[in-house]
Each structure stands twice: as C-alpha cells, then as structure tokens.
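Comments concern the structure below.
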Amino acid sequence: MSNEYKGPAFLAELDEAAVLTAAFMKRPVTGVAPIKRVVLAAASFYETMTPQYKGGFDGREFIGFKAMLKSGEELHGLVAMSRNPTGKIVELDIWHSPLGGLARLSKGVASVVGDEFGPDMFLA
C-alpha cells in the first residue's frame with residue numbers, strides 16, 4: 001500500500017459555485033473544476049499528508065495537517081470550509097507554513113497550472 005497522497009476527500013463535496021482562497025495564490029478560484037485542478041496540482045507535490053486534527057467553530061470546519069513535500073520540506077497546513085444548507089462546501093480556505101515550503105509549493109503549482117490561471121496567479 002502506497003503512502004503517497006492522492007488528494008483530499010472534500011473535493012467531492014464542493015458546490016458548483018465554491019470559492020477557493022489559498023496562501024499560495026494571489027486571488028481566489030471559483031468553480032468545482034478549477035478548484036480541483038489547483039488542489040490536485042498542489043497535492044501532486046506532497047510525498048505524504050497526515051491529518052492532525054479536525055474540528056469546527058461557528059459553522060466552519062477545520063482540518064489541520066502536516067505534509068512532506070517531495071523536495072523534503074515539511075509543511076503545516078490548515079483547511080477551513082463553510083457549507084451551504086445542502087451540505088456542499090461553498091468556501092474553502094487553505095493555508096500553509098513555513099514560508100519556504102509555501103514558496104516551493106506555489107512555484108510547483110504554477111509550473112503545473114500556471115498557464116491556465118495566468119502568470120500572476122501564484123507566488124512563483
């Protein structure tokens with residue numbers, strides 16, 4: 001069994017009008033297909049991803065995690081999600097630290113989907 005990270009389960013729960021903001025992007029992305037492309041591009045740079053905790057507060061869900069990039073850098077991350085009354089995710093916020101790993105991840109994501117989202121989308 002592989003320990004390689006394949007992408008988060010929450011991608012199946014996105015509303016068609018969902019909005020993603022992420023620390024490695026300069027502006028939000030809207031819609032299921034574009035969000036999936038960005039998130040899966042980012043996930044492709046993870047060697048491993050390990051959830052640390054899951055919780056909620058004031059109608060938002062939070063997932064804290066640690067990830068190891070294929071470059072050997074460790075990242076800490078937080079995913080925050082808001083759902084509509086039908087249970088679909090309408091807001092998705094993803095943050096990473098430390099800054100060095102975040103910058104490497106952003107540069108990697110830009111190399112995969114940068115042409116689609118424009119040269120000024122990522123922190124590359």
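Convention: chains lettered A, B, ... in structure tokens order; per-chain residue numbering from 1; ligands numbered from 1 as shown.
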
Problem set entry | Residues within 9 Å of stretch 107-117 of chain A, only C-alpha atoms, excluding chain neighbours under 6 positions, as a PyMOL selection string | chain A and resi 24+29+34+37-39+41-45+123-124

Problem set entry | Distance query stretch 89-100 of chain A at most 7 Å, only C-alpha atoms, self and fewer than 3 positions along chain excluded, as a list in words |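 Listing them by chain and then by number gives Glu13, Leu14, Asp15, Ala17, Ala18, Val19, Leu20, Thr21, Ala22, Ala23, Leu75, His76, Gly77, Leu78, Val79, Ala80, Met81, Ser82, Arg83, Asn84, Ala103 and Arg104 of chain A.
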
Writing out the chosen residues with C-alpha atoms as a compact mmCIF listing (two decimals), in the first residue's frame:
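Everything below was put into again16.txt:
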# COMPACT_ATOMS: atom_id res chain seq x y z
CA GLU A 13 -18.28 17.85 -1.58
CA LEU A 14 -17.79 21.13 -3.47
CA ASP A 15 -20.74 23.25 -4.53
CA ALA A 17 -20.14 27.97 -7.04
CA ALA A 18 -17.47 27.14 -4.43
CA VAL A 19 -14.64 29.61 -3.93
CA LEU A 20 -11.07 28.65 -3.03
CA THR A 21 -8.58 31.02 -1.43
CA ALA A 22 -5.11 29.70 -0.65
CA ALA A 23 -1.88 31.07 0.75
CA LEU A 75 4.62 21.90 5.67
CA HIS A 76 1.97 22.59 8.25
CA GLY A 77 -1.46 23.35 6.87
CA LEU A 78 -4.97 24.33 7.76
CA VAL A 79 -8.09 23.87 5.67
CA ALA A 80 -11.21 25.85 6.61
CA MET A 81 -14.55 25.04 5.00
CA SER A 82 -18.02 26.60 5.05
CA ARG A 83 -21.06 24.68 3.80
CA ASN A 84 -24.41 25.74 2.41
CA ALA A 103 7.00 29.31 -1.76
CA ARG A 104 8.25 25.99 -3.16

Residue contacts of A:Ala12 (10 Å, only C-alpha atoms) excluding same-chain residues fewer than 4 positions away, as a PDB file with C-alpha atoms, in the first residue's frame:
ATOM      1  CA  PRO A   8      -8.428  15.389  -0.234  1.00  0.00           C
ATOM      2  CA  VAL A  32     -15.530  22.859  -8.991  1.00  0.00           C
ATOM      3  CA  LYS A  36      -9.957  20.583  -8.315  1.00  0.00           C
ATOM      4  CA  LYS A  88     -21.989  21.361  -0.039  1.00  0.00           C
ATOM      5  CA  ILE A  89     -18.756  23.314   0.512  1.00  0.00           C
TER       6      ILE A  89
END

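The coordinates place atom CA of A:Leu105 at 15.9 Å from atom CA of A:Ile35.
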
Exercise. Quick one: DSSP helix (DSSP H, G or I) residues in chain A, as a ChimeraX atom specification?
Worked result: /A:9-13,32-43,99-117

For the selection just defined, write its residues with C-alpha atoms to a file, as a compact mmCIF listing (two decimals), in the first residue's frame.
# COMPACT_ATOMS: atom_id res chain seq x y z
CA ALA A 9 -11.84 13.74 0.10
CA PHE A 10 -13.55 17.13 0.43
CA LEU A 11 -13.18 17.72 -3.32
CA ALA A 12 -16.25 15.50 -3.82
CA GLU A 13 -18.28 17.85 -1.58
CA VAL A 32 -15.53 22.86 -8.99
CA ALA A 33 -13.30 22.06 -11.97
CA PRO A 34 -10.82 24.94 -11.46
CA ILE A 35 -10.62 24.27 -7.70
CA LYS A 36 -9.96 20.58 -8.32
CA ARG A 37 -7.18 21.41 -10.79
CA VAL A 38 -5.44 23.72 -8.31
CA VAL A 39 -5.84 21.43 -5.29
CA LEU A 40 -4.75 18.31 -7.19
CA ALA A 41 -1.77 20.20 -8.65
CA ALA A 42 -0.73 21.14 -5.11
CA ALA A 43 -1.31 17.59 -3.86
CA LEU A 99 7.15 30.35 4.15
CA GLY A 100 9.97 28.45 2.41
CA GLY A 101 7.83 25.38 1.85
CA LEU A 102 4.86 27.54 0.86
CA ALA A 103 7.00 29.31 -1.76
CA ARG A 104 8.25 25.99 -3.16
CA LEU A 105 4.69 24.64 -3.30
CA SER A 106 3.43 27.78 -5.05
CA LYS A 107 6.21 27.60 -7.62
CA GLY A 108 5.40 23.93 -8.24
CA VAL A 109 1.68 24.55 -8.64
CA ALA A 110 2.46 27.41 -11.04
CA SER A 111 4.54 25.01 -13.13
CA VAL A 112 1.54 22.67 -13.49
CA VAL A 113 -1.47 25.01 -13.88
CA GLY A 114 0.07 28.48 -14.24
CA ASP A 115 -0.71 28.74 -17.96
CA GLU A 116 -4.38 28.15 -17.23
CA PHE A 117 -4.67 30.70 -14.41

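In this model, the gap between atom CA of A:Thr30 and atom CA of A:Gly87 comes to 17.7 Å.
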
For this session: Could you pull out the residues in stretch 15-106 of chain A that DSSP calls strand (DSSP E) from the backbone, as a ChimeraX atom specification?
Result: /A:15-22,29-30,46-57,60-69,74-83,89-97

For this session: Pick out the residues sitting within 8 Å of A:Met68, and hand them over as a VMD selection string; count only C-alpha atoms, and ignore anything fewer than 5 positions along from it in its own chain.
Result: chain A and resid 46 to 49 73 to 75

Problem set entry | Spatial neighbours of stretch 50-52 of chain A, max dist 7 Å, only C-alpha atoms, sep filter under 6 positions, as a PyMOL selection string | chain A and resi 63-67

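The two atoms in question, atom CA of A:Tyr53 and atom CA of A:Pro28, are spaced 25.2 Å apart.
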